[in-house]
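Next up, coords26.csv (CSV, C-alpha atoms):
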chain,number,residue,atom,x,y,z
A,1433,MET,CA,32.8,2.5,25.1
A,1434,SER,CA,36.1,2.8,23.4
A,1435,THR,CA,39.4,2.6,25.4
A,1436,THR,CA,39.9,6.3,25.2
A,1437,GLY,CA,36.3,6.8,26.2
A,1438,HIS,CA,37.0,5.7,29.7
A,1439,GLN,CA,39.3,8.8,30.1
A,1440,LEU,CA,36.2,11.0,29.8
A,1441,LEU,CA,34.4,9.5,32.8
A,1442,GLY,CA,35.9,11.8,35.3
A,1443,TRP,CA,35.3,14.9,33.2
A,1444,SER,CA,32.2,17.1,32.7
A,1445,PRO,CA,31.7,19.6,29.9
A,1446,LYS,CA,30.5,23.1,30.5
A,1447,ALA,CA,28.8,23.3,27.0
A,1448,VAL,CA,27.8,20.8,24.3
A,1449,VAL,CA,28.0,21.5,20.6
A,1450,PHE,CA,26.1,19.2,18.3
A,1451,ASP,CA,26.6,18.6,14.6
A,1452,CYS,CA,23.3,18.6,12.7
A,1453,ASP,CA,23.3,16.3,9.7
A,1454,GLY,CA,23.6,12.6,10.8
A,1455,THR,CA,23.9,13.6,14.4
A,1456,LEU,CA,20.6,15.4,15.3
A,1457,MET,CA,18.8,15.0,12.0
A,1458,ASP,CA,18.7,12.0,9.8
A,1459,SER,CA,19.5,14.0,6.7
A,1460,GLU,CA,22.5,12.2,5.4
A,1461,ARG,CA,20.1,10.0,3.4
A,1462,HIS,CA,18.7,13.2,1.9
A,1463,TRP,CA,22.2,14.3,0.9
A,1464,GLN,CA,22.8,10.9,-0.7
A,1465,GLU,CA,19.5,11.1,-2.7
A,1466,ALA,CA,20.2,14.8,-3.6
A,1467,ARG,CA,23.6,13.8,-5.0
A,1468,GLY,CA,22.0,11.0,-7.0
A,1469,ARG,CA,19.4,13.3,-8.4
A,1470,ALA,CA,22.0,15.9,-9.3
A,1471,PHE,CA,24.1,13.4,-11.0
A,1472,ARG,CA,21.2,11.9,-12.9
A,1473,GLY,CA,20.0,15.3,-14.0
A,1474,PHE,CA,23.2,15.6,-16.0
A,1475,GLY,CA,23.1,12.0,-17.2
A,1476,LEU,CA,25.9,11.0,-14.9
A,1477,GLN,CA,26.6,8.2,-12.4
A,1478,PRO,CA,28.8,8.6,-9.2
A,1479,PRO,CA,31.8,6.3,-8.9
A,1480,PRO,CA,31.8,3.5,-6.4
A,1481,GLY,CA,32.5,4.7,-2.8
A,1482,PHE,CA,31.6,8.3,-3.5
A,1483,ALA,CA,29.0,8.5,-0.7
A,1484,ASP,CA,31.7,7.8,1.9
A,1485,GLN,CA,34.0,10.4,0.3
A,1486,ALA,CA,31.3,13.0,0.4
A,1487,LYS,CA,29.9,12.4,3.9
A,1488,GLY,CA,30.2,15.5,6.1
A,1489,VAL,CA,31.6,17.7,3.4
A,1490,HIS,CA,30.3,21.2,2.9
A,1491,TYR,CA,27.9,21.2,0.0
A,1492,ALA,CA,29.9,23.6,-2.1
A,1493,ASP,CA,33.0,21.4,-1.7
A,1494,CYS,CA,30.8,18.4,-2.4
A,1495,GLY,CA,29.7,19.9,-5.7
A,1496,ARG,CA,33.3,20.3,-6.7
A,1497,LEU,CA,34.1,16.7,-5.6
A,1498,MET,CA,31.1,15.5,-7.7
A,1499,ALA,CA,32.4,17.3,-10.8
A,1500,GLU,CA,35.9,16.0,-10.2
A,1501,ALA,CA,34.6,12.4,-9.6
A,1502,VAL,CA,33.1,12.3,-13.1
A,1503,ARG,CA,35.9,14.3,-14.7
A,1504,LYS,CA,33.7,17.2,-15.6
A,1505,PRO,CA,35.1,20.2,-13.7
A,1506,GLU,CA,33.1,22.6,-15.9
A,1507,LEU,CA,29.9,21.3,-14.2
A,1508,THR,CA,31.1,22.3,-10.7
A,1509,THR,CA,28.7,25.3,-10.4
A,1510,ASP,CA,25.7,23.5,-11.9
A,1511,LEU,CA,26.2,20.4,-9.8
A,1512,THR,CA,26.5,22.4,-6.6
A,1513,ALA,CA,23.3,24.4,-7.4
A,1514,ALA,CA,21.4,21.2,-8.2
A,1515,LEU,CA,22.7,19.4,-5.1
A,1516,LEU,CA,21.4,22.2,-2.8
A,1517,HIS,CA,18.1,22.5,-4.7
A,1518,HIS,CA,17.3,18.8,-4.4
A,1519,PHE,CA,18.4,18.6,-0.7
A,1520,LEU,CA,16.2,21.5,0.3
A,1521,ASP,CA,13.2,19.9,-1.3
A,1522,LEU,CA,13.9,16.6,0.4
A,1523,VAL,CA,14.5,17.9,3.9
A,1524,ALA,CA,11.5,20.1,3.8
A,1525,ASP,CA,9.3,17.1,3.0
A,1526,ASP,CA,10.8,14.7,5.5
A,1527,PRO,CA,12.7,16.0,8.5
A,1528,VAL,CA,13.5,13.1,10.8
A,1529,THR,CA,15.6,13.1,13.9
A,1530,MET,CA,18.3,10.5,14.7
A,1531,PRO,CA,17.6,7.9,17.4
A,1532,GLY,CA,17.9,9.4,20.9
A,1533,ALA,CA,18.6,13.0,19.7
A,1534,VAL,CA,15.3,14.5,21.0
A,1535,ASP,CA,15.6,13.0,24.4
A,1536,LEU,CA,19.3,13.9,24.9
A,1537,VAL,CA,18.8,17.5,23.8
A,1538,ARG,CA,15.8,17.9,26.1
A,1539,LEU,CA,17.8,16.4,29.0
A,1540,LEU,CA,20.6,18.9,28.5
A,1541,SER,CA,18.5,21.9,27.6
A,1542,GLY,CA,18.5,24.6,30.3
A,1543,ARG,CA,21.3,22.9,32.2
A,1544,LEU,CA,24.2,23.5,29.9
A,1545,PRO,CA,24.8,26.0,27.0
A,1546,LEU,CA,23.9,24.2,23.8
A,1547,ALA,CA,24.9,25.0,20.2
A,1548,VAL,CA,24.9,23.5,16.7
A,1549,ALA,CA,28.0,23.6,14.5
A,1550,SER,CA,27.1,22.5,10.9
A,1551,ASN,CA,28.4,22.6,7.4
A,1552,CYS,CA,24.9,23.0,6.1
A,1553,PRO,CA,23.4,26.3,5.0
A,1554,ALA,CA,21.8,28.2,7.9
A,1555,GLU,CA,18.3,28.0,6.4
A,1556,VAL,CA,18.6,24.3,6.2
A,1557,VAL,CA,19.7,23.9,9.9
A,1558,GLU,CA,17.1,26.3,11.2
A,1559,ALA,CA,14.2,24.8,9.3
A,1560,SER,CA,15.2,21.2,10.1
A,1561,LEU,CA,15.5,21.9,13.8
A,1562,GLU,CA,12.3,24.0,13.9
A,1563,ARG,CA,10.3,21.3,12.2
A,1564,ALA,CA,11.7,18.7,14.6
A,1565,GLY,CA,10.8,20.8,17.7
A,1566,LEU,CA,14.5,21.2,18.7
A,1567,ARG,CA,15.3,24.8,17.6
A,1568,ALA,CA,14.4,26.5,20.9
A,1569,HIS,CA,16.9,24.4,22.8
A,1570,PHE,CA,19.9,25.9,21.0
A,1571,ALA,CA,21.1,29.4,21.8
A,1572,HIS,CA,23.5,29.4,18.9
A,1573,ILE,CA,23.7,28.0,15.3
A,1574,VAL,CA,27.1,28.3,13.7
A,1575,VAL,CA,27.6,27.6,10.0
A,1576,PRO,CA,30.3,28.6,7.5
A,1577,SER,CA,30.2,32.1,6.2
A,1578,PRO,CA,31.3,33.1,2.7
A,1579,ALA,CA,34.7,34.8,2.3
A,1580,SER,CA,34.9,38.3,1.1
A,1581,ALA,CA,37.7,40.7,0.3
A,1582,GLY,CA,39.4,41.9,3.5
A,1583,ASP,CA,37.1,39.8,5.7
A,1584,THR,CA,38.9,38.6,8.8
A,1585,GLY,CA,35.8,37.0,10.4
A,1586,THR,CA,35.1,34.3,7.8
A,1587,VAL,CA,34.0,31.0,9.3
A,1588,ARG,CA,35.4,28.2,7.2
A,1589,PRO,CA,33.7,24.8,6.9
A,1590,LYS,CA,34.7,21.6,8.5
A,1591,PRO,CA,37.3,20.1,8.7
A,1592,TRP,CA,38.6,23.6,9.5
A,1593,PRO,CA,38.1,24.2,13.3
A,1594,ASP,CA,36.2,27.5,12.8
A,1595,VAL,CA,32.6,26.4,13.4
A,1596,TYR,CA,33.5,24.7,16.7
A,1597,GLU,CA,35.8,27.4,17.9
A,1598,THR,CA,33.0,29.9,17.3
A,1599,ALA,CA,30.4,27.8,18.9
A,1600,ALA,CA,32.4,27.3,22.1
A,1601,ARG,CA,33.1,31.1,22.3
A,1602,LEU,CA,29.5,31.9,21.8
A,1603,CYS,CA,28.6,29.5,24.6
A,1604,GLY,CA,30.9,31.4,26.9
A,1605,VAL,CA,33.4,28.6,27.5
A,1606,ASP,CA,37.0,27.8,26.5
A,1607,ALA,CA,37.2,25.2,23.7
A,1608,GLU,CA,38.8,22.6,26.1
A,1609,GLU,CA,35.7,22.9,28.3
A,1610,ALA,CA,33.2,22.0,25.5
A,1611,LEU,CA,32.1,18.6,24.1
A,1612,ALA,CA,31.4,18.1,20.4
A,1613,VAL,CA,29.0,15.4,19.2
A,1614,GLU,CA,29.7,14.3,15.7
A,1615,ASP,CA,28.9,11.5,13.2
A,1616,SER,CA,31.5,12.1,10.5
A,1617,LEU,CA,35.3,11.9,10.5
A,1618,THR,CA,35.3,15.3,8.8
A,1619,GLY,CA,33.4,16.8,11.7
A,1620,VAL,CA,35.5,14.9,14.3
A,1621,GLU,CA,38.6,16.4,12.7
A,1622,SER,CA,37.1,19.9,12.9
A,1623,ALA,CA,36.2,19.6,16.6
A,1624,ARG,CA,39.6,18.1,17.5
A,1625,ARG,CA,41.4,20.9,15.7
A,1626,ALA,CA,39.3,23.3,17.7
A,1627,ARG,CA,40.5,21.6,20.9
A,1628,LEU,CA,37.0,20.2,21.9
A,1629,ARG,CA,36.6,16.7,23.3
A,1630,VAL,CA,34.5,14.6,20.9
A,1631,VAL,CA,31.9,11.9,21.1
A,1632,GLY,CA,31.5,10.1,17.7
A,1633,VAL,CA,28.1,8.7,16.9
A,1634,GLY,CA,27.6,5.7,14.6
A,1635,PRO,CA,29.6,2.7,13.6
A,1636,ARG,CA,33.1,2.7,15.1
A,1637,PRO,CA,35.6,3.3,12.3
A,1638,ASP,CA,38.4,0.9,11.5
A,1639,GLY,CA,42.1,1.4,12.3
A,1640,ASP,CA,43.5,4.7,13.5
A,1641,ASP,CA,40.3,6.6,12.6
A,1642,ALA,CA,38.7,5.1,15.7
A,1643,HIS,CA,41.0,7.1,17.9
A,1644,ARG,CA,40.2,10.4,16.4
A,1645,ALA,CA,37.2,10.8,18.8
A,1646,ASP,CA,37.5,10.4,22.5
A,1647,LEU,CA,34.4,8.0,22.6
A,1648,TRP,CA,32.3,6.2,19.9
A,1649,VAL,CA,28.7,5.2,20.6
A,1650,PRO,CA,26.3,3.6,18.2
A,1651,THR,CA,23.4,6.0,18.9
A,1652,LEU,CA,22.6,8.9,21.2
A,1653,HIS,CA,20.4,6.7,23.3
A,1654,THR,CA,23.3,4.3,24.1
A,1655,ALA,CA,23.1,3.4,27.8
A,1656,GLU,CA,26.8,4.1,28.5
A,1657,LEU,CA,26.5,7.6,27.1
A,1658,LEU,CA,23.4,8.5,29.1
A,1659,THR,CA,24.9,7.1,32.3
A,1660,TRP,CA,27.9,9.4,31.8
A,1661,VAL,CA,25.7,12.4,31.0
A,1662,HIS,CA,23.9,11.9,34.3
A,1663,THR,CA,27.1,12.2,36.2
A,1664,TRP,CA,27.7,15.8,35.0
A,1665,ALA,CA,27.5,18.2,37.9
A,1666,PRO,CA,24.9,20.5,36.1
A,1667,LEU,CA,22.6,17.5,35.9
A,1668,ALA,CA,22.7,16.7,39.6
A,1669,GLY,CA,19.2,16.1,41.0
A,1670,SER,CA,17.7,15.7,37.5
Could you write out this file's structure as structure tokens?
Amino acid sequence: MSTTGHQLLGWSPKAVVFDCDGTLMDSERHWQEARGRAFRGFGLQPPPGFADQAKGVHYADCGRLMAEAVRKPELTTDLTAALLHHFLDLVADDPVTMPGAVDLVRLLSGRLPLAVASNCPAEVVEASLERAGLRAHFAHIVVPSPASAGDTGTVRPKPWPDVYETAARLCGVDAEEALAVEDSLTGVESARRARLRVVGVGPRPDGDDAHRADLWVPTLHTAELLTWVHTWAPLAGS
């Protein structure tokens, strides 16, 4: 556990909101491959380090970043469309869950309100969770909604706080009472701005980025995480 993680040990959430890509589903590799296919389709190569820059970014923003990275802003629309097309093909053929995701979701299901807050299109999240046998455990799926003239209910993508604020509200709890589970710094920032406490999953970042989440764990089946989960009041007697 991180130093700040120990501060969570006396606290129990009233709802849990999961990210999807890279947290529940092992789909970041699909996004990487989709980006590569989209670049190659236009005879382009991404610059070094682009994968890290694009991780957790909404696909529409990622298409823009791709075009900017190769200094061809006129290809933004085409690259974005190609990116989504290739990703949908890849995830449909090979939906794989992250280590520990199925067991943790099943442990919490029916005991706490559960939601998913994702930057992916709704059809991607729904299909991925359905094929993995997880969809029925989540009462709410929150994804960004497109802006329209005069629309005051637009849900903006991470790192804006909207998806997490909306998910907590739909779960019937105050944001401060909910826990977010995230694998990307973009998602961690979104959850923090929404006032949720955050567990980061994956390699612990270097420097100040490590303190942006309340706790970092290597995987969802890390013993320390599961021990803490079993202390939550709603899990008593489980």
- prompt: What is the distance between atom CA of Lys1590 of chain A and atom CA of Ala1559 of chain A, in Å to one decimal?
  reply: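 A separation of 20.8 Å between them.
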query: Got a sec: who's within 8 Å of Thr1512 of chain A, counting only C-alpha atoms, leaving out chain neighbours fewer than 2 positions off, as JSON, numbers by chain?
result: {"A": [1491, 1492, 1494, 1495, 1496, 1508, 1509, 1510, 1514, 1515, 1516]}
- request: Calculate how many Å separate atom CA of Pro1480 of chain A from atom CA of Val1649 of chain A, rounding to one decimal.
  value: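 Computed distance, atom CA of Pro1480 of chain A to atom CA of Val1649 of chain A, equals 27.2 Å.
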field: Shell of 7 Å around segment 1603-1614 of chain A, only C-alpha atoms, local chain residues under 5 positions omitted, as a list in words
entry: Pro1445, Lys1446, Ala1447, Val1448, Val1449, Phe1450, Asp1451, Thr1455, Pro1545, Glu1597, Gly1619, Val1620, Ala1623, Ala1626, Arg1627, Leu1628, Arg1629, Val1630, Val1631, Gly1632 and Val1633 of chain A
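The space separating atom CA of Met1457 of chain A from atom CA of Leu1476 of chain A comes to 28.1 Å.
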At most 12 Å from (23.6, 9.1, -5.6), file frame, all atoms listed in the file: which residues, as a short mmCIF file (atom, residue, chain, number, x, y, z; two decimals) with C-alpha atoms, in the frame of the given file?
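Wrote it out as out_34.cif, contents follow:
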data_model
loop_
_atom_site.label_atom_id
_atom_site.label_comp_id
_atom_site.auth_asym_id
_atom_site.auth_seq_id
_atom_site.Cartn_x
_atom_site.Cartn_y
_atom_site.Cartn_z
CA GLU A 1460 22.50 12.20 5.40
CA ARG A 1461 20.10 10.00 3.40
CA HIS A 1462 18.70 13.20 1.90
CA TRP A 1463 22.20 14.30 0.90
CA GLN A 1464 22.80 10.90 -0.70
CA GLU A 1465 19.50 11.10 -2.70
CA ALA A 1466 20.20 14.80 -3.60
CA ARG A 1467 23.60 13.80 -5.00
CA GLY A 1468 22.00 11.00 -7.00
CA ARG A 1469 19.40 13.30 -8.40
CA ALA A 1470 22.00 15.90 -9.30
CA PHE A 1471 24.10 13.40 -11.00
CA ARG A 1472 21.20 11.90 -12.90
CA GLY A 1473 20.00 15.30 -14.00
CA GLY A 1475 23.10 12.00 -17.20
CA LEU A 1476 25.90 11.00 -14.90
CA GLN A 1477 26.60 8.20 -12.40
CA PRO A 1478 28.80 8.60 -9.20
CA PRO A 1479 31.80 6.30 -8.90
CA PRO A 1480 31.80 3.50 -6.40
CA GLY A 1481 32.50 4.70 -2.80
CA PHE A 1482 31.60 8.30 -3.50
CA ALA A 1483 29.00 8.50 -0.70
CA ASP A 1484 31.70 7.80 1.90
CA ALA A 1486 31.30 13.00 0.40
CA LYS A 1487 29.90 12.40 3.90
CA MET A 1498 31.10 15.50 -7.70
CA LEU A 1515 22.70 19.40 -5.10
CA HIS A 1518 17.30 18.80 -4.40
CA PHE A 1519 18.40 18.60 -0.70
#
Protein/DNA/RNA residues near (34.6, 24.5, 13.4), cut 9 Å, only C-alpha atoms, as a PDB file with C-alpha atoms, in the frame of the given file:
ATOM      1  CA  ALA A1549      28.000  23.600  14.500  1.00  0.00           C
ATOM      2  CA  SER A1550      27.100  22.500  10.900  1.00  0.00           C
ATOM      3  CA  ASN A1551      28.400  22.600   7.400  1.00  0.00           C
ATOM      4  CA  VAL A1574      27.100  28.300  13.700  1.00  0.00           C
ATOM      5  CA  VAL A1575      27.600  27.600  10.000  1.00  0.00           C
ATOM      6  CA  PRO A1576      30.300  28.600   7.500  1.00  0.00           C
ATOM      7  CA  VAL A1587      34.000  31.000   9.300  1.00  0.00           C
ATOM      8  CA  ARG A1588      35.400  28.200   7.200  1.00  0.00           C
ATOM      9  CA  PRO A1589      33.700  24.800   6.900  1.00  0.00           C
ATOM     10  CA  LYS A1590      34.700  21.600   8.500  1.00  0.00           C
ATOM     11  CA  PRO A1591      37.300  20.100   8.700  1.00  0.00           C
ATOM     12  CA  TRP A1592      38.600  23.600   9.500  1.00  0.00           C
ATOM     13  CA  PRO A1593      38.100  24.200  13.300  1.00  0.00           C
ATOM     14  CA  ASP A1594      36.200  27.500  12.800  1.00  0.00           C
ATOM     15  CA  VAL A1595      32.600  26.400  13.400  1.00  0.00           C
ATOM     16  CA  TYR A1596      33.500  24.700  16.700  1.00  0.00           C
ATOM     17  CA  GLU A1597      35.800  27.400  17.900  1.00  0.00           C
ATOM     18  CA  THR A1598      33.000  29.900  17.300  1.00  0.00           C
ATOM     19  CA  ALA A1599      30.400  27.800  18.900  1.00  0.00           C
ATOM     20  CA  GLY A1619      33.400  16.800  11.700  1.00  0.00           C
ATOM     21  CA  SER A1622      37.100  19.900  12.900  1.00  0.00           C
ATOM     22  CA  ALA A1623      36.200  19.600  16.600  1.00  0.00           C
ATOM     23  CA  ARG A1625      41.400  20.900  15.700  1.00  0.00           C
ATOM     24  CA  ALA A1626      39.300  23.300  17.700  1.00  0.00           C
TER      25      ALA A1626
END
message: Applying 10 Å and all atoms listed in the file, which residues near segment 1637-1641 of chain A remain after dropping the ones on its own chain fewer than 3 positions away? List them as a ChimeraX atom specification.
response: /A:1616-1617,1620-1621,1632,1634,1644-1645,1648
field: Who sits within 9 Å of Ala1571 of chain A, all atoms listed in the file, same chain under 4 positions skipped, as a PyMOL selection string
entry: chain A and resi 1545-1548+1567+1602-1603
query: Which residue, A:Pro1527, A:Phe1474, A:Glu1562, A:Ala1600, has the smallest gap to Leu1511 of chain A when you use all atoms listed in the file?
result: A:Phe1474
Which of A:Pro1553, A:Gly1585, A:Pro1531, A:Pro1650 sits closest to Asp1458 of chain A [using only C-alpha atoms]: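 Closest residue, counting only C-alpha atoms: A:Pro1531.
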query: Pick the closest to Leu1440 of chain A from A:Leu1647, A:Leu1658, A:Ala1533, A:Arg1636: which is it, counting only C-alpha atoms?
result: A:Leu1647
message: Under the rule that all atoms listed in the file are counted, which of A:Asp1646, A:Asp1493, A:Asp1453, A:Glu1506 is the nearest residue to Ser1560 of chain A?
response: A:Asp1453
